[in-house]
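For reference, input-v6.txt (compact mmCIF, C-alpha atoms):
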```
# COMPACT_ATOMS: atom_id res chain seq x y z
CA MET A 1 21.82 -10.94 -3.93
CA GLY A 2 19.88 -14.19 -3.91
CA LYS A 3 16.17 -14.57 -3.40
CA VAL A 4 14.07 -15.64 -0.42
CA PHE A 5 11.99 -18.69 -1.24
CA PHE A 6 9.69 -21.06 0.56
CA TYR A 7 9.72 -24.73 -0.42
CA MET A 8 7.50 -27.47 0.94
CA THR A 9 5.41 -30.54 0.16
CA VAL A 10 1.68 -29.88 0.62
CA SER A 11 -1.49 -32.00 0.29
CA VAL A 12 -4.27 -30.96 -2.11
CA ASP A 13 -6.29 -29.83 0.92
CA GLY A 14 -3.46 -27.60 2.12
CA PHE A 15 -1.75 -29.50 4.93
CA VAL A 16 2.00 -29.91 5.45
CA ALA A 17 1.67 -32.47 8.26
CA GLY A 18 -1.00 -34.46 10.07
CA PRO A 19 -2.44 -33.64 13.51
CA ALA A 20 0.52 -35.32 15.27
CA ASP A 21 3.06 -33.75 12.86
CA GLU A 22 3.24 -36.97 10.84
CA VAL A 23 4.46 -36.53 7.27
CA ASP A 24 4.98 -40.07 5.91
CA ARG A 25 2.03 -40.01 3.50
CA LEU A 26 3.08 -36.61 2.15
CA PHE A 27 6.51 -37.83 1.14
CA ARG A 28 5.67 -41.01 -0.72
CA TRP A 29 6.60 -39.21 -3.94
CA TYR A 30 10.20 -39.32 -2.68
CA PHE A 31 10.10 -43.02 -3.53
CA SER A 32 7.96 -43.08 -6.68
CA GLY A 33 10.53 -42.96 -9.49
CA GLU A 34 13.76 -44.29 -10.92
CA THR A 35 16.25 -41.45 -10.51
CA GLU A 36 18.28 -41.90 -7.33
CA ILE A 37 19.20 -38.95 -5.14
CA PRO A 38 21.51 -39.87 -2.25
CA ILE A 39 20.87 -37.85 0.93
CA PRO A 40 23.60 -38.07 3.59
CA GLY A 41 22.21 -39.83 6.66
CA SER A 42 18.84 -40.63 5.03
CA PRO A 43 17.41 -43.28 2.70
CA THR A 44 18.26 -42.62 -0.97
CA LEU A 45 15.37 -40.89 -2.74
CA ARG A 46 14.04 -42.41 -5.96
CA VAL A 47 12.03 -39.89 -7.92
CA SER A 48 11.08 -39.14 -11.53
CA LYS A 49 13.59 -37.36 -13.77
CA GLU A 50 11.43 -34.21 -13.62
CA SER A 51 11.32 -34.25 -9.82
CA ALA A 52 15.06 -34.95 -9.54
CA GLU A 53 15.81 -31.76 -11.48
CA ILE A 54 13.56 -29.74 -9.17
CA LEU A 55 15.12 -31.19 -6.01
CA LEU A 56 18.71 -30.76 -7.19
CA ASP A 57 17.95 -27.22 -8.32
CA ALA A 58 16.72 -26.28 -4.83
CA SER A 59 19.73 -27.83 -3.13
CA ARG A 60 22.16 -26.09 -5.52
CA THR A 61 20.78 -22.59 -5.02
CA GLY A 62 20.22 -22.67 -1.24
CA GLY A 63 22.81 -20.73 0.75
CA ALA A 64 21.07 -20.43 4.11
CA MET A 65 17.78 -21.44 5.69
CA VAL A 66 15.38 -19.88 8.17
CA THR A 67 13.12 -22.02 10.28
CA GLY A 68 11.15 -21.91 13.54
CA ARG A 69 11.95 -23.33 16.94
CA ARG A 70 9.16 -25.91 16.76
CA ASN A 71 10.48 -27.26 13.46
CA PHE A 72 14.01 -27.32 14.90
CA ASP A 73 12.79 -29.28 17.92
CA ILE A 74 10.65 -31.73 15.90
CA ALA A 75 13.59 -32.39 13.56
CA GLN A 76 15.84 -32.87 16.61
CA ALA A 77 18.23 -30.35 15.10
CA TRP A 78 18.67 -32.72 12.12
CA GLY A 79 21.34 -34.41 14.24
CA GLY A 80 23.45 -31.29 13.78
CA LYS A 81 23.20 -31.38 9.97
CA PRO A 82 20.40 -29.09 8.79
CA PRO A 83 19.32 -29.42 5.11
CA THR A 84 21.05 -26.10 4.41
CA SER A 85 23.71 -24.36 6.52
CA PRO A 86 23.80 -21.94 8.15
CA CYS A 87 20.34 -22.46 9.61
CA PHE A 88 18.73 -19.48 11.35
CA VAL A 89 16.19 -20.49 14.00
CA LEU A 90 13.54 -18.01 15.14
CA THR A 91 13.01 -18.56 18.86
CA HIS A 92 12.08 -16.85 22.10
CA SER A 93 14.84 -18.56 24.04
CA VAL A 94 18.22 -19.87 22.91
CA PRO A 95 18.83 -23.56 23.68
CA ASP A 96 22.15 -24.35 25.39
CA ASP A 97 23.25 -27.31 23.33
CA TRP A 98 23.59 -25.77 19.85
CA ALA A 99 24.74 -22.23 20.59
CA HIS A 100 28.43 -23.15 20.62
CA GLU A 101 31.22 -22.02 18.27
CA GLY A 102 31.08 -23.88 14.94
CA SER A 103 27.38 -24.78 15.30
CA PRO A 104 25.47 -24.67 12.01
CA PHE A 105 22.62 -22.98 13.92
CA VAL A 106 22.12 -19.29 14.63
CA PHE A 107 19.31 -18.50 17.07
CA VAL A 108 17.46 -15.27 16.40
CA THR A 109 15.31 -13.78 19.14
CA ASP A 110 14.51 -10.38 17.64
CA GLY A 111 12.03 -11.20 14.91
CA ILE A 112 11.52 -12.28 11.32
CA GLU A 113 13.14 -9.25 9.67
CA ARG A 114 16.39 -9.78 11.55
CA ALA A 115 16.34 -13.52 10.84
CA ILE A 116 15.83 -13.07 7.09
CA GLY A 117 18.32 -10.20 7.01
CA GLN A 118 21.04 -12.25 8.68
CA ALA A 119 20.30 -15.24 6.46
CA LYS A 120 20.55 -13.13 3.29
CA GLU A 121 23.88 -11.79 4.44
CA ALA A 122 25.15 -15.31 5.13
CA ALA A 123 23.83 -16.65 1.80
CA GLY A 124 25.53 -13.98 -0.30
CA ASP A 125 24.68 -14.64 -3.95
CA LYS A 126 22.80 -17.80 -3.06
CA ASP A 127 19.18 -18.09 -1.92
CA VAL A 128 17.55 -18.16 1.49
CA GLU A 129 15.15 -21.05 2.00
CA ILE A 130 12.23 -20.83 4.41
CA GLY A 131 11.39 -24.27 5.68
CA THR A 132 8.29 -24.01 7.84
CA PRO A 133 4.78 -22.56 7.46
CA THR A 134 4.79 -20.31 10.54
CA VAL A 135 7.94 -18.58 9.29
CA LEU A 136 6.49 -18.35 5.76
CA GLN A 137 3.39 -16.65 7.17
CA GLN A 138 5.42 -14.16 9.23
CA ALA A 139 7.69 -13.47 6.26
CA LEU A 140 4.75 -13.04 3.85
CA ASN A 141 3.06 -10.68 6.31
CA ALA A 142 6.32 -8.68 6.42
CA ARG A 143 6.61 -8.83 2.59
CA LEU A 144 9.97 -10.62 2.70
CA VAL A 145 9.23 -13.57 0.39
CA ASP A 146 10.23 -13.59 -3.30
CA GLU A 147 9.05 -17.04 -4.39
CA ILE A 148 6.81 -19.87 -3.18
CA HIS A 149 7.59 -23.41 -4.35
CA ILE A 150 5.03 -26.07 -3.58
CA ASP A 151 5.24 -29.80 -4.26
CA LEU A 152 1.53 -30.61 -4.41
CA VAL A 153 0.75 -34.23 -3.63
CA PRO A 154 -2.46 -36.11 -4.53
CA LEU A 155 -3.77 -36.62 -1.02
CA LEU A 156 -6.51 -35.27 1.24
CA LEU A 157 -5.25 -35.27 4.83
CA GLY A 158 -8.46 -33.79 6.27
CA ARG A 159 -6.76 -32.21 9.28
CA GLY A 160 -3.33 -31.32 10.54
CA VAL A 161 -0.92 -28.41 10.13
CA ARG A 162 -2.11 -25.98 7.47
CA LEU A 163 0.34 -24.28 5.12
CA PHE A 164 -1.69 -21.07 5.01
CA ASP A 165 -3.37 -20.28 8.30
CA GLN A 166 -2.32 -16.97 9.78
CA LEU A 167 -1.99 -14.63 6.81
CA THR A 168 -2.81 -11.01 7.57
CA ILE A 169 -1.75 -9.59 4.21
CA GLU A 170 -4.15 -8.10 1.73
CA PRO A 171 -4.92 -10.33 -1.27
CA THR A 172 -1.61 -10.76 -3.10
CA ASP A 173 -1.01 -11.75 -6.69
CA LEU A 174 1.44 -14.46 -7.56
CA GLU A 175 2.98 -15.01 -10.96
CA ILE A 176 3.40 -18.52 -12.34
CA ILE A 177 7.11 -19.22 -12.91
CA ARG A 178 6.67 -22.81 -13.92
CA ILE A 179 4.41 -25.81 -13.37
CA VAL A 180 6.02 -29.24 -13.67
CA PRO A 181 3.74 -32.30 -13.63
CA ALA A 182 5.65 -35.35 -12.37
CA THR A 183 5.04 -38.82 -10.96
CA GLY A 184 2.97 -38.56 -7.77
CA VAL A 185 3.53 -34.82 -7.39
CA THR A 186 3.05 -31.51 -9.20
CA HIS A 187 5.80 -28.94 -8.79
CA LEU A 188 4.35 -25.42 -8.57
CA ARG A 189 6.66 -22.41 -8.59
CA TYR A 190 5.32 -18.87 -8.07
CA ARG A 191 6.81 -15.40 -7.76
CA VAL A 192 5.22 -13.09 -5.16
CA VAL A 193 4.18 -9.91 -7.00
CA ALA A 194 5.40 -6.86 -5.07
CA MET B 1 -23.60 -44.28 -15.21
CA GLY B 2 -21.73 -40.99 -15.14
CA LYS B 3 -19.38 -39.84 -12.42
CA VAL B 4 -19.76 -37.35 -9.58
CA PHE B 5 -17.21 -34.57 -9.84
CA PHE B 6 -16.45 -31.33 -8.07
CA TYR B 7 -15.19 -28.40 -10.11
CA MET B 8 -14.10 -25.00 -8.83
CA THR B 9 -11.56 -22.19 -9.08
CA VAL B 10 -9.34 -21.99 -5.97
CA SER B 11 -6.53 -19.67 -4.83
CA VAL B 12 -3.09 -21.08 -3.99
CA ASP B 13 -3.93 -20.59 -0.30
CA GLY B 14 -7.12 -22.63 -0.65
CA PHE B 15 -9.95 -20.09 -0.83
CA VAL B 16 -12.89 -20.13 -3.25
CA ALA B 17 -14.17 -16.67 -2.30
CA GLY B 18 -13.21 -13.72 -0.13
CA PRO B 19 -14.67 -12.89 3.30
CA ALA B 20 -17.69 -11.18 1.68
CA ASP B 21 -18.09 -13.97 -0.92
CA GLU B 22 -16.29 -11.86 -3.54
CA VAL B 23 -14.79 -13.85 -6.40
CA ASP B 24 -13.65 -11.26 -8.98
CA ARG B 25 -9.91 -11.77 -8.39
CA LEU B 26 -10.29 -15.53 -8.61
CA PHE B 27 -11.83 -15.40 -12.06
CA ARG B 28 -9.44 -13.11 -13.87
CA TRP B 29 -8.18 -16.14 -15.79
CA TYR B 30 -11.58 -16.14 -17.53
CA PHE B 31 -10.30 -13.11 -19.43
CA SER B 32 -6.62 -13.93 -19.90
CA GLY B 33 -6.51 -15.53 -23.36
CA GLU B 34 -7.62 -15.43 -26.98
CA THR B 35 -10.12 -18.26 -27.31
CA GLU B 36 -13.67 -16.96 -26.93
CA ILE B 37 -16.31 -18.93 -25.08
CA PRO B 38 -19.76 -17.36 -25.24
CA ILE B 39 -21.81 -17.85 -22.05
CA PRO B 40 -25.55 -17.06 -22.38
CA GLY B 41 -26.38 -14.03 -20.23
CA SER B 42 -22.74 -13.39 -19.22
CA PRO B 43 -19.70 -11.66 -20.73
CA THR B 44 -17.92 -13.82 -23.29
CA LEU B 45 -14.93 -15.60 -21.73
CA ARG B 46 -11.53 -15.26 -23.40
CA VAL B 47 -9.16 -17.97 -22.24
CA SER B 48 -6.14 -19.88 -23.52
CA LYS B 49 -6.69 -22.80 -25.91
CA GLU B 50 -5.75 -25.21 -23.10
CA SER B 51 -8.30 -23.69 -20.71
CA ALA B 52 -11.02 -23.58 -23.37
CA GLU B 53 -10.75 -27.34 -23.83
CA ILE B 54 -11.07 -27.89 -20.08
CA LEU B 55 -14.11 -25.61 -19.78
CA LEU B 56 -15.90 -27.06 -22.79
CA ASP B 57 -15.19 -30.58 -21.59
CA ALA B 58 -16.85 -29.86 -18.24
CA SER B 59 -19.91 -28.29 -19.87
CA ARG B 60 -20.27 -31.20 -22.33
CA THR B 61 -20.21 -33.95 -19.71
CA GLY B 62 -22.39 -32.33 -17.03
CA GLY B 63 -25.92 -33.76 -16.85
CA ALA B 64 -27.03 -32.43 -13.46
CA MET B 65 -25.62 -30.36 -10.63
CA VAL B 66 -25.89 -30.40 -6.85
CA THR B 67 -25.39 -27.26 -4.83
CA GLY B 68 -26.23 -25.78 -1.44
CA ARG B 69 -28.92 -23.31 -0.44
CA ARG B 70 -26.39 -20.55 0.35
CA ASN B 71 -24.83 -20.83 -3.11
CA PHE B 72 -28.30 -20.83 -4.67
CA ASP B 73 -29.19 -17.66 -2.74
CA ILE B 74 -25.89 -15.88 -3.48
CA ALA B 75 -26.25 -16.67 -7.18
CA GLN B 76 -29.86 -15.42 -7.03
CA ALA B 77 -30.94 -18.69 -8.62
CA TRP B 78 -28.82 -17.77 -11.68
CA GLY B 79 -31.87 -15.87 -12.87
CA GLY B 80 -33.57 -19.21 -13.38
CA LYS B 81 -30.76 -20.57 -15.59
CA PRO B 82 -28.33 -22.65 -13.50
CA PRO B 83 -25.00 -23.61 -15.15
CA THR B 84 -26.29 -27.17 -15.46
CA SER B 85 -29.91 -28.37 -15.32
CA PRO B 86 -31.50 -29.94 -13.44
CA CYS B 87 -29.98 -28.34 -10.37
CA PHE B 88 -30.49 -30.09 -7.04
CA VAL B 89 -30.36 -27.72 -4.06
CA LEU B 90 -29.68 -29.09 -0.58
CA THR B 91 -31.75 -27.05 1.86
CA HIS B 92 -33.62 -27.20 5.16
CA SER B 93 -36.64 -25.34 3.81
CA VAL B 94 -38.01 -25.16 0.28
CA PRO B 95 -38.37 -21.62 -1.10
CA ASP B 96 -41.76 -20.81 -2.64
CA ASP B 97 -40.63 -19.10 -5.80
CA TRP B 98 -38.75 -21.91 -7.59
CA ALA B 99 -40.65 -25.01 -6.54
CA HIS B 100 -43.13 -24.79 -9.41
CA GLU B 101 -43.68 -27.19 -12.32
CA GLY B 102 -40.98 -26.80 -15.00
CA SER B 103 -38.48 -25.20 -12.61
CA PRO B 104 -34.86 -26.26 -13.28
CA PHE B 105 -34.44 -26.58 -9.49
CA VAL B 106 -35.19 -29.55 -7.28
CA PHE B 107 -35.01 -28.85 -3.54
CA VAL B 108 -33.76 -31.73 -1.44
CA THR B 109 -34.36 -31.65 2.32
CA ASP B 110 -33.34 -35.19 3.26
CA GLY B 111 -29.57 -35.11 2.98
CA ILE B 112 -26.58 -35.43 0.70
CA GLU B 113 -27.08 -39.08 -0.25
CA ARG B 114 -30.59 -38.40 -1.54
CA ALA B 115 -29.44 -35.30 -3.40
CA ILE B 116 -26.59 -37.07 -5.17
CA GLY B 117 -28.77 -40.12 -5.81
CA GLN B 118 -31.51 -38.05 -7.45
CA ALA B 119 -28.96 -36.08 -9.47
CA LYS B 120 -27.31 -39.27 -10.77
CA GLU B 121 -30.68 -40.59 -11.83
CA ALA B 122 -31.46 -37.35 -13.66
CA ALA B 123 -28.02 -37.21 -15.31
CA GLY B 124 -28.23 -40.72 -16.72
CA ASP B 125 -25.01 -41.40 -18.64
CA LYS B 126 -23.76 -37.88 -18.02
CA ASP B 127 -21.94 -36.57 -14.97
CA VAL B 128 -23.12 -34.91 -11.78
CA GLU B 129 -21.30 -31.69 -10.94
CA ILE B 130 -20.91 -30.48 -7.36
CA GLY B 131 -20.64 -26.72 -7.35
CA THR B 132 -19.96 -25.60 -3.78
CA PRO B 133 -17.45 -26.49 -1.06
CA THR B 134 -19.96 -27.33 1.71
CA VAL B 135 -21.60 -29.90 -0.55
CA LEU B 136 -18.19 -31.24 -1.61
CA GLN B 137 -17.26 -31.70 2.04
CA GLN B 138 -20.51 -33.51 2.86
CA ALA B 139 -20.19 -35.66 -0.26
CA LEU B 140 -16.53 -36.51 0.46
CA ASN B 141 -17.41 -37.40 4.04
CA ALA B 142 -20.12 -39.72 2.65
CA ARG B 143 -17.68 -41.13 0.05
CA LEU B 144 -19.83 -40.03 -2.89
CA VAL B 145 -17.23 -38.12 -4.95
CA ASP B 146 -15.41 -39.70 -7.91
CA GLU B 147 -13.27 -36.79 -9.12
CA ILE B 148 -12.03 -33.39 -7.93
CA HIS B 149 -11.20 -30.77 -10.56
CA ILE B 150 -9.47 -27.62 -9.37
CA ASP B 151 -8.55 -24.56 -11.38
CA LEU B 152 -5.67 -23.28 -9.25
CA VAL B 153 -5.07 -19.55 -9.66
CA PRO B 154 -1.86 -17.67 -8.73
CA LEU B 155 -3.26 -15.62 -5.87
CA LEU B 156 -3.09 -15.50 -2.08
CA LEU B 157 -6.45 -14.33 -0.73
CA GLY B 158 -5.42 -14.55 2.93
CA ARG B 159 -8.94 -15.11 4.22
CA GLY B 160 -12.39 -16.00 3.00
CA VAL B 161 -14.27 -19.19 2.22
CA ARG B 162 -12.03 -22.24 2.35
CA LEU B 163 -12.42 -25.09 -0.12
CA PHE B 164 -11.45 -27.71 2.47
CA ASP B 165 -12.63 -26.86 5.95
CA GLN B 166 -14.94 -29.48 7.44
CA LEU B 167 -13.53 -32.79 6.29
CA THR B 168 -14.07 -35.64 8.71
CA ILE B 169 -12.76 -38.41 6.47
CA GLU B 170 -9.61 -40.34 7.18
CA PRO B 171 -6.63 -39.34 5.02
CA THR B 172 -7.64 -40.22 1.45
CA ASP B 173 -5.44 -40.81 -1.56
CA LEU B 174 -6.12 -39.12 -4.82
CA GLU B 175 -4.79 -40.18 -8.20
CA ILE B 176 -3.57 -37.62 -10.69
CA ILE B 177 -5.68 -37.83 -13.87
CA ARG B 178 -4.07 -34.88 -15.57
CA ILE B 179 -2.36 -31.57 -14.86
CA VAL B 180 -2.72 -28.86 -17.49
CA PRO B 181 -0.63 -25.69 -17.08
CA ALA B 182 -2.34 -22.75 -18.81
CA THR B 183 -2.30 -18.94 -18.87
CA GLY B 184 -3.08 -17.60 -15.39
CA VAL B 185 -4.35 -20.93 -14.11
CA THR B 186 -3.32 -24.56 -13.58
CA HIS B 187 -5.98 -27.19 -14.22
CA LEU B 188 -5.68 -30.07 -11.73
CA ARG B 189 -7.78 -33.17 -12.14
CA TYR B 190 -7.79 -35.96 -9.54
CA ARG B 191 -9.62 -39.22 -9.01
CA VAL B 192 -10.66 -40.04 -5.43
CA VAL B 193 -9.21 -43.47 -4.60
CA ALA B 194 -11.90 -45.69 -3.06
```
Structure encoded using structure tokens:
Amino acid sequence: MGKVFFYMTVSVDGFVAGPADEVDRLFRWYFSGETEIPIPGSPTLRVSKESAEILLDASRTGGAMVTGRRNFDIAQAWGGKPPTSPCFVLTHSVPDDWAHEGSPFVFVTDGIERAIGQAKEAAGDKDVEIGTPTVLQQALNARLVDEIHIDLVPLLLGRGVRLFDQLTIEPTDLEIIRIVPATGVTHLRYRVVA
Amino acid sequence: MGKVFFYMTVSVDGFVAGPADEVDRLFRWYFSGETEIPIPGSPTLRVSKESAEILLDASRTGGAMVTGRRNFDIAQAWGGKPPTSPCFVLTHSVPDDWAHEGSPFVFVTDGIERAIGQAKEAAGDKDVEIGTPTVLQQALNARLVDEIHIDLVPLLLGRGVRLFDQLTIEPTDLEIIRIVPATGVTHLRYRVVA
């Protein structure tokens, strides 16, 4: 059985997007190095060797993802090609256009535990990636997260969408798995202590 | 002229204290290693070699500190021995008991710029340390901070006193000075880009 991990780029003051969901400044580290990583349908990333290893590692181990409806809408369904498939979308109502046979999306209306459970089943031995803060918070509150991976970027956004905003858990210890300093970003990887 | 730096221990979810100002869990890294650092009037710290260098560096370069009245009150005036002297306290009203001749405290009632200005003058070639988030936020908003040093500890507090809460600045770039992974803590040091 794989693990459930969260992975996201975050500013030093704890934001994952600006007030209008803008993320350009957060992702400048994607173009701050010499190692090329081609992404289908996107500009080729150029990152440091250290960052390339981290990014490729995440893409190799991911077997399914869980995200929220807002993220799905903002990303415009990634044009039908989510970063990891299958992609489970927590939502109150199922949209018509992606619920067809062969869609990479599965819409889950009965809560975080069902969404993570279905994603784990789909991922098999691979990992389940959580790709949005609201889902991370729900999953942490339900004690369903094994690891938190943060790409910390040297930036103060001041306001916007906070990574940690709605936690209702008691104080929870993390364990440092590894810290990787790199060009324009610091890769932080933690295990959630049960 | 020295620099103005902020230095504090912060949880991964961005808190510097719990809801009742409790900090015990945040400072467990003070007792997670083998290198002893004696602190007058406090238990001797035992940290990793990497952390000891960081802590001694900060204490060597500090020539004055600026803090807020709430921090001064919570710390009970450090029994008259603030971590760095002189200690400039931003306040609306000057308390009677520490305003005497020879006191290590200087109470400043006319704003952040005056407080930092007086502290820089007192520090001379040494640095001015900001020791509380409200003062950091005011100083960042007034563009008076040169460096931000964070000791990031593997912990989710969930709620409490946020490090970054009242920023009104535009998005501001930082520059990574150095990242030092250590036992139970990651030392992050950033320069504020003008």
Using only C-alpha atoms, which residues of chain A come within 8 Å of chain B, and what is the closest atom pair for each, with the distance in Å to one decimal? Give it as a tab-separated table, sorted by chain and residue number.
```
residue	atom	partner	partner_atom	distance
A:Asp13	CA	B:Phe164	CA	5.8
A:Gly14	CA	B:Gly14	CA	6.8
A:Pro154	CA	B:Leu174	CA	4.7
A:Leu155	CA	B:Asp173	CA	4.5
A:Leu156	CA	B:Thr172	CA	5.1
A:Leu157	CA	B:Pro171	CA	4.3
A:Gly158	CA	B:Leu167	CA	5.2
A:Arg159	CA	B:Leu167	CA	7.4
A:Leu163	CA	B:Asp13	CA	7.8
A:Phe164	CA	B:Asp13	CA	5.8
A:Gln166	CA	B:Gly158	CA	7.9
A:Leu167	CA	B:Gly158	CA	5.2
A:Thr168	CA	B:Gly158	CA	6.4
A:Ile169	CA	B:Gly158	CA	6.3
A:Glu170	CA	B:Gly158	CA	6.7
A:Pro171	CA	B:Leu157	CA	4.3
A:Thr172	CA	B:Leu156	CA	5.1
A:Asp173	CA	B:Leu155	CA	4.6
A:Leu174	CA	B:Pro154	CA	4.8
A:Glu175	CA	B:Pro154	CA	6.0
A:Ile176	CA	B:Pro154	CA	6.4
A:Ile179	CA	B:Pro181	CA	6.3
A:Pro181	CA	B:Ile179	CA	6.3
A:Gly184	CA	B:Ile176	CA	7.2
A:Thr186	CA	B:Ile179	CA	7.8
A:Tyr190	CA	B:Pro154	CA	7.3
```
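Among the candidates A:Gln118, A:Glu113, A:Glu101, A:Arg28, the residue lying nearest to Arg46 of chain A is A:Arg28 (atoms considered: all atoms listed in the file).
Nearest residue to Met1 of chain A among A:Phe105, A:Leu140, A:Ile112, A:Thr61 is A:Thr61, counting all atoms listed in the file.
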Provide the atom CA of Thr132 of chain B to atom CA of Glu34 of chain B distance in Å, to one decimal place. 28.2 Å
Within 12 Å of Thr91 of chain B, counting all atoms listed in the file, which residues show up once you throw out same-chain ones fewer than 4 positions away? Write them as a list in words, please. Val66, Thr67, Gly68, Arg69, Arg70, Asn71, Phe72, Asp73, Pro95, Phe105, Val106, Phe107, Val108, Thr109, Asp110, Gly111, Ile112, Arg114, Ala115, Thr134 and Val135 of chain B
So which residues touch segment 74-80 of chain B within 12 Å, counting all atoms listed in the file, skipping near sequence neighbours fewer than 5 positions away, as a PyMOL selection string? chain B and resi 17+20-23+40-42+67-69+85-89+95+97-100+102-106+131-132
Between atom CA of Ile54 of chain A and atom CA of Val161 of chain A, what is the distance, to one decimal in Å?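 According to the coordinates, atom CA of Ile54 of chain A and atom CA of Val161 of chain A are separated by 24.2 Å.
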Env of Val145 of chain B: 10 Å cut, atoms = only C-alpha atoms, seq-sep filter 5 positions within chain, self excluded. Answer as a PyMOL selection string. chain B and resi 3-6+116+128-130+136-140+191-194
Which residues are near Gly2 of chain A? Cut-off 10 Å, only C-alpha atoms, ignore same chain within fewer than 6 positions. Put them as a list in words.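 Answer for this query is Thr61, Gly62, Gly63, Lys120, Glu121, Ala123, Gly124, Asp125, Lys126, Asp127, Val128 and Asp146 of chain A.
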As an mmCIF file, in the coordinates of the input, could you write out segment 67-86 of chain A once it has been completed with N, CA and C atoms?
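And here's selection-v4.cif as it stands now:
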```cif
data_model
loop_
_atom_site.group_PDB
_atom_site.id
_atom_site.type_symbol
_atom_site.label_atom_id
_atom_site.label_comp_id
_atom_site.auth_asym_id
_atom_site.auth_seq_id
_atom_site.Cartn_x
_atom_site.Cartn_y
_atom_site.Cartn_z
ATOM 1 N N THR A 67 14.220 -21.169 9.820
ATOM 2 C CA THR A 67 13.120 -22.020 10.280
ATOM 3 C C THR A 67 12.660 -21.560 11.666
ATOM 4 N N GLY A 68 11.685 -22.272 12.227
ATOM 5 C CA GLY A 68 11.150 -21.910 13.540
ATOM 6 C C GLY A 68 11.625 -22.892 14.595
ATOM 7 N N ARG A 69 11.464 -22.510 15.842
ATOM 8 C CA ARG A 69 11.950 -23.330 16.940
ATOM 9 C C ARG A 69 11.244 -24.672 16.995
ATOM 10 N N ARG A 70 9.913 -24.661 16.682
ATOM 11 C CA ARG A 70 9.160 -25.910 16.760
ATOM 12 C C ARG A 70 9.695 -26.906 15.728
ATOM 13 N N ASN A 71 9.936 -26.417 14.512
ATOM 14 C CA ASN A 71 10.480 -27.260 13.460
ATOM 15 C C ASN A 71 11.850 -27.805 13.842
ATOM 16 N N PHE A 72 12.673 -26.932 14.422
ATOM 17 C CA PHE A 72 14.010 -27.320 14.900
ATOM 18 C C PHE A 72 13.908 -28.427 15.941
ATOM 19 N N ASP A 73 12.947 -28.271 16.865
ATOM 20 C CA ASP A 73 12.790 -29.280 17.920
ATOM 21 C C ASP A 73 12.263 -30.597 17.357
ATOM 22 N N ILE A 74 11.224 -30.506 16.479
ATOM 23 C CA ILE A 74 10.650 -31.730 15.900
ATOM 24 C C ILE A 74 11.716 -32.492 15.108
ATOM 25 N N ALA A 75 12.557 -31.748 14.372
ATOM 26 C CA ALA A 75 13.590 -32.390 13.560
ATOM 27 C C ALA A 75 14.789 -32.828 14.398
ATOM 28 N N GLN A 76 14.722 -32.576 15.704
ATOM 29 C CA GLN A 76 15.840 -32.870 16.610
ATOM 30 C C GLN A 76 17.158 -32.337 16.061
ATOM 31 N N ALA A 77 17.056 -31.070 15.615
ATOM 32 C CA ALA A 77 18.230 -30.350 15.100
ATOM 33 C C ALA A 77 18.911 -31.091 13.943
ATOM 34 N N TRP A 78 18.132 -31.940 13.253
ATOM 35 C CA TRP A 78 18.670 -32.720 12.120
ATOM 36 C C TRP A 78 20.001 -33.401 12.512
ATOM 37 N N GLY A 79 20.103 -33.795 13.780
ATOM 38 C CA GLY A 79 21.340 -34.410 14.240
ATOM 39 C C GLY A 79 22.562 -33.531 14.033
ATOM 40 N N GLY A 80 22.333 -32.214 13.974
ATOM 41 C CA GLY A 80 23.450 -31.290 13.780
ATOM 42 C C GLY A 80 23.745 -30.980 12.324
ATOM 43 N N LYS A 81 22.974 -31.610 11.400
ATOM 44 C CA LYS A 81 23.200 -31.380 9.970
ATOM 45 C C LYS A 81 21.934 -30.901 9.279
ATOM 46 N N PRO A 82 21.614 -29.623 9.417
ATOM 47 C CA PRO A 82 20.400 -29.090 8.790
ATOM 48 C C PRO A 82 20.488 -29.217 7.258
ATOM 49 N N PRO A 83 19.330 -29.263 6.568
ATOM 50 C CA PRO A 83 19.320 -29.420 5.110
ATOM 51 C C PRO A 83 20.183 -28.364 4.414
ATOM 52 N N THR A 84 20.196 -27.161 4.949
ATOM 53 C CA THR A 84 21.050 -26.100 4.410
ATOM 54 C C THR A 84 21.704 -25.387 5.585
ATOM 55 N N SER A 85 22.992 -25.080 5.466
ATOM 56 C CA SER A 85 23.710 -24.360 6.520
ATOM 57 C C SER A 85 24.207 -23.030 5.971
ATOM 58 N N PRO A 86 24.285 -21.965 6.782
ATOM 59 C CA PRO A 86 23.800 -21.940 8.150
ATOM 60 C C PRO A 86 22.277 -21.928 8.229
#
```
